[in-house]
Structure formats: C-alpha cells, structure tokens
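The structure file input_11.cif is reproduced below (mmCIF, C-alpha atoms).
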```cif
data_run
#
loop_
_atom_site.label_atom_id
_atom_site.label_comp_id
_atom_site.auth_asym_id
_atom_site.auth_seq_id
_atom_site.Cartn_x
_atom_site.Cartn_y
_atom_site.Cartn_z
CA MET A 1 6.76 0.40 -27.15
CA ARG A 2 7.03 3.63 -25.18
CA PHE A 3 3.66 2.85 -23.61
CA VAL A 4 4.83 -0.62 -22.52
CA THR A 5 8.04 0.83 -21.06
CA ALA A 6 6.10 3.54 -19.23
CA LEU A 7 3.61 0.97 -17.91
CA ALA A 8 6.42 -1.33 -16.70
CA ARG A 9 8.16 1.63 -15.03
CA PHE A 10 4.91 2.67 -13.37
CA TRP A 11 4.29 -0.80 -11.89
CA TRP A 12 7.94 -1.08 -10.83
CA ASP A 13 7.71 2.25 -8.98
CA PHE A 14 4.29 1.33 -7.59
CA VAL A 15 5.19 -2.05 -6.10
CA VAL A 16 8.97 -2.04 -5.71
CA GLY A 17 9.32 1.66 -4.89
CA ASP A 18 12.45 3.32 -3.49
CA ASP A 19 14.39 0.24 -2.46
CA TRP A 20 14.60 -2.75 -4.81
CA ARG A 21 16.53 -4.67 -2.15
CA ILE A 22 13.28 -5.22 -0.24
CA ALA A 23 11.65 -6.96 -3.21
CA VAL A 24 14.77 -9.04 -3.93
CA GLY A 25 15.18 -9.95 -0.24
CA VAL A 26 11.53 -11.00 0.11
CA VAL A 27 11.71 -13.12 -3.06
CA LEU A 28 14.94 -14.79 -1.85
CA VAL A 29 13.46 -15.57 1.58
CA LEU A 30 10.24 -16.96 0.10
CA GLY A 31 12.28 -18.89 -2.50
CA ALA A 32 14.27 -20.54 0.30
CA GLY A 33 10.98 -21.28 2.08
CA ALA A 34 9.60 -22.86 -1.09
CA VAL A 35 12.65 -25.14 -1.36
CA LEU A 36 12.24 -26.21 2.28
CA VAL A 37 8.54 -26.98 1.73
CA ALA A 38 9.03 -28.79 -1.57
CA ASP A 39 12.22 -30.80 -1.01
CA THR A 40 12.69 -31.39 2.72
CA GLU A 41 10.90 -32.84 5.72
CA VAL A 42 11.26 -29.63 7.75
CA PRO A 43 7.93 -29.07 9.59
CA HIS A 44 5.82 -26.40 7.87
CA ALA A 45 5.31 -24.50 11.12
CA LEU A 46 9.08 -24.11 11.43
CA VAL A 47 9.32 -22.96 7.79
CA ALA A 48 6.69 -20.30 8.52
CA VAL A 49 8.64 -18.98 11.53
CA LEU A 50 11.97 -19.02 9.66
CA ALA A 51 10.44 -17.18 6.69
CA ALA A 52 8.94 -14.52 8.98
CA VAL A 53 12.32 -14.01 10.68
CA GLY A 54 14.00 -13.76 7.27
CA ILE A 55 11.50 -11.13 6.12
CA ALA A 56 12.05 -9.13 9.31
CA LEU A 57 15.81 -9.21 8.69
CA VAL A 58 15.26 -7.95 5.12
CA ALA A 59 13.24 -5.03 6.50
CA LEU A 60 15.88 -4.18 9.12
CA CYS A 61 18.73 -4.33 6.58
CA SER A 62 16.85 -1.99 4.23
CA ILE A 63 16.22 0.55 7.02
CA VAL A 64 19.82 0.45 8.28
CA LEU A 65 21.16 0.84 4.71
CA ALA A 66 18.85 3.84 4.13
CA THR A 67 20.13 5.39 7.35
CA ARG A 68 23.76 4.92 6.31
CA ARG A 69 23.06 6.44 2.87
CA ASN A 70 21.46 9.43 4.57
CA ALA A 71 24.38 9.84 6.96
CA SER A 72 27.10 9.66 4.27
CA MET B 1 -13.65 -15.68 7.33
CA SER B 2 -12.33 -15.34 10.88
CA THR B 3 -13.25 -12.27 12.96
CA GLY B 4 -9.58 -11.26 12.97
CA ASP B 5 -9.47 -11.33 9.17
CA ALA B 6 -12.74 -9.34 8.94
CA VAL B 7 -11.59 -6.67 11.41
CA GLY B 8 -8.18 -6.45 9.76
CA LEU B 9 -9.81 -6.26 6.35
CA ILE B 10 -12.12 -3.38 7.26
CA THR B 11 -9.48 -1.52 9.30
CA ALA B 12 -6.72 -1.80 6.70
CA THR B 13 -8.88 -0.82 3.72
CA LEU B 14 -10.57 2.01 5.66
CA LEU B 15 -7.28 3.53 6.89
CA ALA B 16 -5.39 2.98 3.63
CA SER B 17 -8.18 4.44 1.52
CA GLY B 18 -8.54 7.29 4.03
CA VAL B 19 -4.93 8.48 3.65
CA GLU B 20 -5.01 8.08 -0.13
CA PHE B 21 -8.32 9.97 -0.31
CA VAL B 22 -6.77 12.80 1.76
CA GLU B 23 -4.06 13.21 -0.90
CA ALA B 24 -6.53 12.93 -3.79
CA LEU B 25 -8.86 15.43 -2.08
CA THR B 26 -6.03 17.99 -1.88
CA ILE B 27 -5.56 17.81 -5.67
CA VAL B 28 -9.30 17.89 -6.39
CA LEU B 29 -9.89 20.87 -4.08
CA ALA B 30 -6.95 22.75 -5.64
CA MET B 31 -8.32 22.19 -9.16
CA GLY B 32 -11.95 22.83 -8.25
CA THR B 33 -11.37 26.09 -6.40
CA THR B 34 -8.82 27.42 -8.93
CA ARG B 35 -10.07 26.17 -12.32
CA GLY B 36 -13.76 25.42 -11.72
CA TRP B 37 -15.69 22.36 -10.61
CA ARG B 38 -17.25 21.05 -13.84
CA SER B 39 -14.02 19.83 -15.48
CA THR B 40 -12.64 18.74 -12.10
CA TRP B 41 -15.67 16.53 -11.41
CA ALA B 42 -15.43 15.11 -14.96
CA GLY B 43 -11.83 14.08 -14.22
CA VAL B 44 -12.81 12.56 -10.87
CA GLY B 45 -15.71 10.63 -12.44
CA ALA B 46 -13.56 9.26 -15.29
CA ALA B 47 -10.89 8.12 -12.81
CA LEU B 48 -13.44 6.40 -10.53
CA LEU B 49 -14.92 4.60 -13.54
CA ALA B 50 -11.48 3.38 -14.66
CA LEU B 51 -10.70 2.21 -11.11
CA ALA B 52 -14.02 0.33 -10.82
CA VAL B 53 -13.35 -1.51 -14.12
CA ILE B 54 -9.81 -2.46 -12.99
CA THR B 55 -11.10 -3.71 -9.62
CA VAL B 56 -13.78 -5.91 -11.17
CA PHE B 57 -11.59 -7.40 -13.92
CA ALA B 58 -8.38 -7.89 -11.89
CA GLY B 59 -10.27 -9.30 -8.89
CA TYR B 60 -12.33 -11.67 -11.05
CA ALA B 61 -9.34 -12.83 -13.11
CA LEU B 62 -7.17 -13.60 -10.07
CA GLU B 63 -10.01 -15.38 -8.28
CA GLN B 64 -10.98 -17.53 -11.27
CA TRP B 65 -7.60 -18.43 -12.76
CA LEU B 66 -5.32 -19.13 -9.82
CA PRO B 67 -5.57 -21.86 -7.16
CA GLU B 68 -6.17 -20.63 -3.61
CA ALA B 69 -2.64 -21.24 -2.29
CA LEU B 70 -1.07 -19.59 -5.34
CA VAL B 71 -3.32 -16.53 -4.91
CA SER B 72 -2.05 -16.32 -1.32
CA LEU B 73 1.55 -16.55 -2.47
CA VAL B 74 1.36 -14.08 -5.38
CA VAL B 75 -0.97 -11.54 -3.80
CA GLY B 76 0.60 -11.91 -0.34
CA THR B 77 4.10 -11.34 -1.77
CA LEU B 78 2.99 -8.21 -3.64
CA LEU B 79 1.25 -6.92 -0.52
CA LEU B 80 4.32 -7.68 1.59
CA VAL B 81 6.74 -5.83 -0.72
CA PHE B 82 4.29 -2.92 -1.02
CA GLY B 83 3.69 -2.86 2.75
CA LEU B 84 7.39 -3.00 3.60
CA GLN B 85 7.94 0.11 1.43
CA TRP B 86 5.22 1.95 3.41
CA LEU B 87 6.65 0.75 6.72
CA ARG B 88 10.23 1.65 5.75
CA LYS B 89 9.17 5.19 4.81
CA ALA B 90 7.10 5.52 7.98
CA ILE B 91 10.04 4.40 10.16
CA LEU B 92 12.41 6.83 8.41
CA ARG B 93 9.84 9.66 8.86
CA ALA B 94 9.34 8.82 12.54
CA ALA B 95 13.12 8.78 13.02
CA GLY B 96 13.43 12.22 11.40
CA LEU B 97 15.34 10.92 8.37
CA LYS B 98 12.61 11.70 5.83
CA ALA B 99 10.44 14.80 5.52
CA LEU B 100 6.86 14.48 6.82
CA HIS B 101 4.12 14.76 4.23
CA ASP B 102 2.60 18.27 4.40
CA GLU B 103 -0.90 18.54 2.90
CA ASP B 104 -0.97 22.37 3.09
CA ALA B 105 2.29 22.62 1.11
CA ALA B 106 0.96 20.11 -1.45
CA PHE B 107 -2.24 22.18 -1.80
CA ARG B 108 -0.30 25.43 -2.33
CA ALA B 109 1.89 23.76 -4.99
CA GLU B 110 -1.20 22.46 -6.85
CA VAL B 111 -2.92 25.88 -6.68
CA ASP B 112 0.23 27.60 -8.03
CA ALA B 113 0.48 25.10 -10.89
CA ALA B 114 -3.24 25.52 -11.69
CA ALA B 115 -2.95 29.31 -11.73
CA ARG B 116 0.06 29.24 -14.09
CA ALA B 117 -1.38 26.66 -16.53
CA GLY B 118 -2.79 27.76 -19.89
CA ASP B 119 -6.47 27.66 -20.89
CA GLU B 120 -6.62 24.72 -23.29
CA ARG B 121 -10.14 23.43 -23.95
CA ARG B 122 -11.00 19.96 -25.28
CA LEU B 123 -14.42 18.27 -25.42
CA GLY B 124 -15.82 21.41 -23.81
CA LEU B 125 -13.67 20.86 -20.71
CA ASP B 126 -10.85 22.77 -19.05
CA TRP B 127 -8.27 20.14 -20.05
CA PHE B 128 -5.75 20.98 -17.32
CA ALA B 129 -8.31 20.59 -14.52
CA PHE B 130 -9.65 17.37 -16.09
CA VAL B 131 -6.25 15.72 -16.58
CA VAL B 132 -4.82 16.72 -13.18
CA SER B 133 -7.97 15.58 -11.35
CA PHE B 134 -8.06 12.33 -13.33
CA LYS B 135 -4.39 11.54 -12.69
CA GLY B 136 -4.58 12.50 -9.02
CA VAL B 137 -7.63 10.38 -8.26
CA PHE B 138 -6.53 7.50 -10.52
CA LEU B 139 -3.00 7.18 -9.12
CA GLU B 140 -4.03 7.55 -5.47
CA GLY B 141 -7.01 5.29 -6.15
CA LEU B 142 -4.83 2.60 -7.69
CA GLU B 143 -3.18 2.04 -4.32
CA ILE B 144 -6.63 1.62 -2.77
CA VAL B 145 -7.65 -0.83 -5.53
CA PHE B 146 -4.45 -2.81 -4.95
CA ILE B 147 -5.17 -3.07 -1.24
CA VAL B 148 -8.86 -3.88 -1.79
CA ILE B 149 -8.04 -6.69 -4.23
CA THR B 150 -5.19 -8.20 -2.20
CA PHE B 151 -7.05 -8.06 1.11
CA GLY B 152 -10.38 -9.01 -0.43
CA LEU B 153 -9.04 -12.07 -2.26
CA ASN B 154 -7.00 -13.42 0.64
CA ALA B 155 -9.65 -12.79 3.27
CA GLY B 156 -12.28 -14.17 0.89
CA SER B 157 -14.46 -11.07 0.63
CA ILE B 158 -13.82 -8.34 -1.93
CA PRO B 159 -17.22 -6.74 -1.08
CA LEU B 160 -16.17 -6.29 2.57
CA ALA B 161 -12.87 -4.76 1.43
CA VAL B 162 -14.80 -2.39 -0.86
CA VAL B 163 -17.03 -1.41 2.10
CA GLY B 164 -13.95 -0.52 4.18
CA ALA B 165 -12.45 1.54 1.36
CA ALA B 166 -15.75 3.28 0.60
CA LEU B 167 -16.18 4.14 4.30
CA GLY B 168 -12.70 5.68 4.40
CA GLY B 169 -13.43 7.66 1.26
CA ALA B 170 -16.83 8.85 2.48
CA ILE B 171 -15.38 10.10 5.79
CA VAL B 172 -12.57 12.03 4.07
CA ILE B 173 -14.78 13.50 1.33
CA ALA B 174 -17.46 14.57 3.84
CA ALA B 175 -14.85 16.22 6.10
CA GLY B 176 -13.05 17.85 3.16
CA PHE B 177 -16.15 19.40 1.64
CA ALA B 178 -17.49 20.46 5.05
CA LEU B 179 -14.24 22.34 5.75
CA HIS B 180 -13.70 23.23 2.06
CA ARG B 181 -9.93 22.97 2.47
CA PRO B 182 -7.31 20.20 2.56
CA LEU B 183 -7.27 17.96 5.62
CA ALA B 184 -3.88 19.09 6.89
CA ARG B 185 -4.74 18.26 10.51
CA VAL B 186 -5.38 14.59 9.84
CA PRO B 187 -2.47 12.68 11.44
CA GLU B 188 -1.57 11.36 8.00
CA ASN B 189 1.95 10.22 8.84
CA THR B 190 0.74 8.29 11.88
CA ILE B 191 -2.03 6.63 9.88
CA LYS B 192 0.51 5.69 7.19
CA PHE B 193 2.63 4.04 9.91
CA VAL B 194 -0.39 2.00 11.07
CA VAL B 195 -1.31 1.05 7.50
CA GLY B 196 2.30 0.03 6.80
CA LEU B 197 2.19 -2.25 9.86
CA LEU B 198 -1.12 -3.80 8.78
CA LEU B 199 -0.04 -4.34 5.16
CA THR B 200 3.24 -5.90 6.27
CA THR B 201 1.54 -8.14 8.85
CA PHE B 202 -1.11 -9.47 6.47
CA GLY B 203 1.42 -9.68 3.61
CA THR B 204 3.76 -11.80 5.76
CA PHE B 205 0.90 -14.04 6.89
CA TRP B 206 -0.50 -14.67 3.42
CA ALA B 207 2.79 -14.89 1.50
CA VAL B 208 4.09 -17.54 3.92
CA GLU B 209 0.74 -19.38 3.84
CA GLY B 210 1.09 -19.45 0.06
CA LEU B 211 4.37 -21.38 0.32
CA GLY B 212 2.10 -24.39 0.83
CA TRP B 213 1.56 -24.32 -2.94
CA PHE B 214 5.00 -25.96 -3.24
CA SER B 215 3.97 -28.88 -1.00
CA ALA B 216 2.62 -32.15 -2.39
CA GLY B 217 -0.99 -31.24 -1.60
CA GLN B 218 -0.65 -27.63 -2.85
CA GLU B 219 -2.69 -26.52 0.18
CA ARG B 220 -2.05 -23.34 2.15
CA LEU B 221 0.72 -23.77 4.73
CA ASP B 222 -0.44 -23.73 8.38
CA TRP B 223 1.09 -21.17 10.74
CA PRO B 224 1.81 -22.35 14.27
CA GLY B 225 -1.29 -21.38 16.26
CA GLY B 226 -3.38 -20.98 13.09
CA ASP B 227 -5.10 -17.58 12.81
CA LEU B 228 -3.66 -16.57 16.20
CA ALA B 229 -0.37 -16.12 14.38
CA LEU B 230 -1.85 -12.96 12.81
CA PRO B 231 -2.06 -10.85 16.01
CA ALA B 232 1.29 -12.32 17.10
CA LEU B 233 2.81 -11.14 13.80
CA LEU B 234 1.28 -7.69 14.27
CA VAL B 235 2.82 -7.41 17.73
CA ALA B 236 6.17 -8.59 16.36
CA TRP B 237 6.12 -6.03 13.50
CA CYS B 238 5.14 -3.25 15.96
CA ALA B 239 8.06 -4.22 18.20
CA LEU B 240 10.44 -4.33 15.26
CA ALA B 241 9.24 -0.93 13.97
CA TRP B 242 9.60 0.60 17.43
CA ALA B 243 13.11 -0.86 17.80
CA ALA B 244 14.07 0.32 14.30
CA VAL B 245 12.96 3.90 15.04
CA ARG B 246 14.97 3.84 18.28
CA LEU B 247 17.95 2.34 16.44
CA VAL B 248 18.11 4.85 13.59
CA ALA B 249 16.73 8.01 15.27
CA PRO B 250 20.11 9.05 16.75
CA ARG B 251 21.55 8.93 13.23
CA ALA B 252 19.12 11.65 12.13
CA GLY B 253 21.28 14.17 13.95
CA GLU B 254 24.39 12.89 12.18
CA ALA B 255 22.71 13.30 8.78
CA VAL B 256 21.85 16.97 9.28
#
```
For the file at hand, write its structure as structure tokens.
Amino acid sequence: MRFVTALARFWWDFVVGDDWRIAVGVVLVLGAGAVLVADTEVPHALVAVLAAVGIALVALCSIVLATRRNAS
Amino acid sequence: MSTGDAVGLITATLLASGVEFVEALTIVLAMGTTRGWRSTWAGVGAALLALAVITVFAGYALEQWLPEALVSLVVGTLLLVFGLQWLRKAILRAAGLKALHDEDAAFRAEVDAAARAGDERRLGLDWFAFVVSFKGVFLEGLEIVFIVITFGLNAGSIPLAVVGAALGGAIVIAAGFALHRPLARVPENTIKFVVGLLLTTFGTFWAVEGLGWFSAGQERLDWPGGDLALPALLVAWCALAWAAVRLVAPRAGEAV
C-alpha cells in the first residue's frame, strides 16, 4: 500500500507539479471543448481556437496567482 | 510526418534531454569523483536499463491499445500540463520570482553528501554511490522518456524522438567528461524556457486535435490552417510568455 501511495505521489508531482490549478484548468477547458465537439454544430476550427485561448488564460491565471502568493 | 513535426520532434527531445542530462551528469560526476566510478557506473547502467524497458513497454502499449485520436488527446493533455509547469517556472525565473538553477551549487551539495555518507557495501558495490547515481539518472531520465514517448507517438516516430534524445545526451556527456566538471556554463535556464515553450506548443496542438475523438467519426480535429497552426501557436506562446514576464517582473521587487 505504501508503495502504491508513493508511486501515485511521484506521478502527481511529476505531471501536475507545483500548481494543480494548471491541470484542473486544462481538463476543464478540454472538457468544454469535448462537449462542443460532441453535442453542438460549432465548427471544429472555432473549437480549436477557443480551446487554445482557454488554455492560454489558464496559464496566465496560474502565473499571476503565483506572483500574488510571492508578493504576500 | 510533416517537416515541422520532424524538426520540432528532434529539437524538443534534443534540448529537453540535454538539460536533464546536465542535471544527471552533475550527480554522476559528484558520486564518481567522491566515491569511485565502479559503483557509480553500475547505478547509471541499471537506471538506463530500467528507462529503456519503460520506454519500450509504455510506447508499445499506448500505440497498440488506443485509437489515434485518443492517443493525441491523452498524451497531448499530459504533455500540455507538464509543459505548462516548465513554462510557468521559466517565466517566474525570468521575472526574478524564482531562484535560477545553479549547477555548481548542486554539485557542491552532492559532493558534501557523498563525503558525509557511511561506507555500506552490498553486492560488492558502494551502495550510496550506486543508489544516488541510479536515482539521479532514473528520475532525470524519466522526464526524457516521457517527452520521447509523447512526442514520438504523436509525431508518429518514436525512433526519431529517441535519436533527438540520444544526441542531446551524447553532447552533454562528451562535454562533461572532456571538462571533468559540471556544465555550469550551459545556459540551462534559457534552454528550459525554450523547452517549456516547445512542450506547451506541441501539447496544445495535439490535445486539441485529440478532441476530435468526441466527434461522430472519432477522427483527429483539424486546426485552422492545418499544420501551419503549429508555428502560429509557437509564436503565440512566445508572445504570451514575453508579455507574462513583463507583466510580473515589476512584482519581483515588491516580493523582496
């Protein structure tokens, strides 16, 4: 059990790293993209652009939050 | 595979493996010069073997079991999250909000630890040198394996990704053993910035392509402009990173 916990912690640190908000934000943006692709007639090219913009916003939010944490 | 994918594949795996090899080399040199080379090389060899097995099995399993669009989605998402962490750290370092990585300081810390450690022997090896070398090479190498598999699968050529990584490793190892000291003068933080940009760009491209798995045909989603979207994304991420550094850099002074 300890091995499994240690392995899970290792992979969490490896992929998710310092800021879990990035992983959650990316999953939310891609989830919204998946809904648009699966259930709507929105052109796929537009979905691609919207998803990219969403991912960029996730990155910016994470950086700004890190800056505020550092400053406080 | 398009030329853009091939160039990106080689560049990303070469640079990423290069910076990881620099860090692994620091640990290996510290162990080898302080505790002796035999046990250090045994640790390095065992780690490389474990990494090779993981690469072959993980790469094969993902390629065989998952449909193409789903591979793009899963692997692209992992690469994107991983790349955004690199890019975030690189932006914070460039803005002066995070300490720069110092290879000389890392080397001194490893040498101190090696000098203080006891003299436990197992299987005829200096166990401390073996374990530290193994862990150092394995953990740094795992990041290279991750990048090789993700880039290799999505670009359709794991062998080309391995070539890029091996080239990066060969350059660093040759330079390190020629100088016989850690590569502190390599612009490691700059390279990490570039790698973060490449990982994020390719991760965005492939993860979004993979959204096509949710469509009726379960085919990869087409970007506007096709493969030309890739350089456009790279330019956009460079602009965003530059703007982010400019945005948060003044706050570095407030934090001190």
Once you count all atoms listed in the file, what closest atom pair and distance in Å to one decimal does each residue of chain B within 8 Å of chain A have, with rows by chain and rising residue number, as a tab-separated table?
```
residue	atom	partner	partner_atom	distance
B:Thr77	CA	A:Val26	CA	7.7
B:Leu78	CA	A:Val15	CA	7.0
B:Val81	CA	A:Ala23	CA	5.6
B:Phe82	CA	A:Val15	CA	5.2
B:Leu84	CA	A:Ala59	CA	6.8
B:Gln85	CA	A:Gly17	CA	6.7
B:Arg88	CA	A:Ile63	CA	6.2
B:Ile91	CA	A:Ile63	CA	7.9
B:Leu92	CA	A:Ile63	CA	7.5
B:Leu97	CA	A:Asn70	CA	7.4
B:Thr204	CA	A:Ala52	CA	6.7
B:Ala207	CA	A:Leu30	CA	7.9
B:Val208	CA	A:Ala48	CA	6.0
B:Glu209	CA	A:Ala48	CA	7.6
B:Leu211	CA	A:Ala34	CA	5.6
B:Gly212	CA	A:Val37	CA	7.0
B:Phe214	CA	A:Ala38	CA	5.2
B:Ser215	CA	A:Ala38	CA	5.1
B:Ala216	CA	A:Ala38	CA	7.3
B:Leu221	CA	A:His44	CA	6.5
B:Asp222	CA	A:Ala45	CA	6.4
B:Trp223	CA	A:Ala45	CA	5.4
B:Pro224	CA	A:Ala45	CA	5.2
B:Trp237	CA	A:Ala56	CA	7.9
B:Leu240	CA	A:Ala56	CA	7.8
B:Ala244	CA	A:Leu60	CA	7.1
B:Val248	CA	A:Thr67	CA	6.6
B:Arg251	CA	A:Ala71	CA	6.9
B:Ala252	CA	A:Ala71	CA	7.6
B:Glu254	CA	A:Ala71	CA	6.0
B:Ala255	CA	A:Ala71	CA	4.3
B:Val256	CA	A:Ala71	CA	7.9
```
How many Å lie between atom CA of B:Gly59 and atom CA of B:Thr190, rounded to one decimal?
29.4 Å
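Interatomic distance, atom CA of B:Gly217 to atom CA of B:Ala232: 26.7 Å.
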Two-atom distance - atom CA of B:Val172, atom CA of B:Ala95 (Å):
27.4 Å
Using the chain letters and numbers from the file, give me the residues hit by the PyMOL selection byres ((chain B and resi 230) around 12), as a PyMOL selection string.
(chain A and resi 52) or (chain B and resi 2-5+7-8+197-206+208-209+222-229+231-237)
Which residues are close to stretch 148-153 of chain B, i.e. within 7 Å by all atoms listed in the file, leaving aside same-chain residues fewer than 4 positions away? Reply as a PyMOL selection string.
chain B and resi 9+13+55+59+63+75+79+144+157-158+161-162
Taking the file as shown, find all residues satisfying the PyMOL selection byres ((chain B and resi 19) around 9) and write them as a list of chain:residue names.
B:Leu14, B:Leu15, B:Ala16, B:Ser17, B:Gly18, B:Glu20, B:Phe21, B:Val22, B:Glu23, B:Ala24, B:Gly168, B:Gly169, B:Val172, B:Val186, B:Glu188, B:Asn189, B:Ile191, B:Lys192
Which one is closest to A:Phe10: B:Leu139, B:Asn154, B:Ala106, B:Ala42? Count all atoms listed in the file.
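Smallest separation from A:Phe10 among the options: B:Leu139.
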Start from the incomplete input, build N, CA and C atoms for stretch 38-55 of chain A, and deliver everything as a CSV table (one decimal), in the coordinates of the input.
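Output file rebuild-v3.csv is given in full below:
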```csv
chain,number,residue,atom,x,y,z
A,38,ALA,N,9.1,-27.8,-0.5
A,38,ALA,CA,9.0,-28.8,-1.6
A,38,ALA,C,10.0,-30.0,-1.4
A,39,ASP,N,11.2,-29.8,-0.9
A,39,ASP,CA,12.2,-30.8,-1.0
A,39,ASP,C,12.7,-31.4,0.3
A,40,THR,N,12.2,-30.9,1.4
A,40,THR,CA,12.7,-31.4,2.7
A,40,THR,C,11.5,-31.8,3.6
A,41,GLU,N,11.9,-32.4,4.7
A,41,GLU,CA,10.9,-32.8,5.7
A,41,GLU,C,10.8,-31.8,6.9
A,42,VAL,N,11.3,-30.6,6.7
A,42,VAL,CA,11.3,-29.6,7.8
A,42,VAL,C,9.8,-29.3,8.0
A,43,PRO,N,9.3,-29.3,9.3
A,43,PRO,CA,7.9,-29.1,9.6
A,43,PRO,C,7.5,-27.7,9.0
A,44,HIS,N,6.3,-27.6,8.5
A,44,HIS,CA,5.8,-26.4,7.9
A,44,HIS,C,5.7,-25.2,8.9
A,45,ALA,N,5.4,-25.6,10.1
A,45,ALA,CA,5.3,-24.5,11.1
A,45,ALA,C,6.7,-23.8,11.3
A,46,LEU,N,7.7,-24.7,11.3
A,46,LEU,CA,9.1,-24.1,11.4
A,46,LEU,C,9.5,-23.3,10.2
A,47,VAL,N,9.1,-23.7,9.0
A,47,VAL,CA,9.3,-23.0,7.8
A,47,VAL,C,8.7,-21.6,7.9
A,48,ALA,N,7.4,-21.6,8.4
A,48,ALA,CA,6.7,-20.3,8.5
A,48,ALA,C,7.5,-19.3,9.4
A,49,VAL,N,7.9,-19.8,10.6
A,49,VAL,CA,8.6,-19.0,11.5
A,49,VAL,C,9.9,-18.5,10.9
A,50,LEU,N,10.7,-19.4,10.3
A,50,LEU,CA,12.0,-19.0,9.7
A,50,LEU,C,11.8,-18.0,8.6
A,51,ALA,N,10.7,-18.1,7.8
A,51,ALA,CA,10.4,-17.2,6.7
A,51,ALA,C,10.1,-15.8,7.3
A,52,ALA,N,9.3,-15.8,8.3
A,52,ALA,CA,8.9,-14.5,9.0
A,52,ALA,C,10.2,-13.8,9.5
A,53,VAL,N,11.1,-14.6,10.2
A,53,VAL,CA,12.3,-14.0,10.7
A,53,VAL,C,13.2,-13.5,9.5
A,54,GLY,N,13.2,-14.2,8.4
A,54,GLY,CA,14.0,-13.8,7.3
A,54,GLY,C,13.5,-12.5,6.7
A,55,ILE,N,12.1,-12.4,6.6
A,55,ILE,CA,11.5,-11.1,6.1
A,55,ILE,C,11.8,-9.9,7.0
```
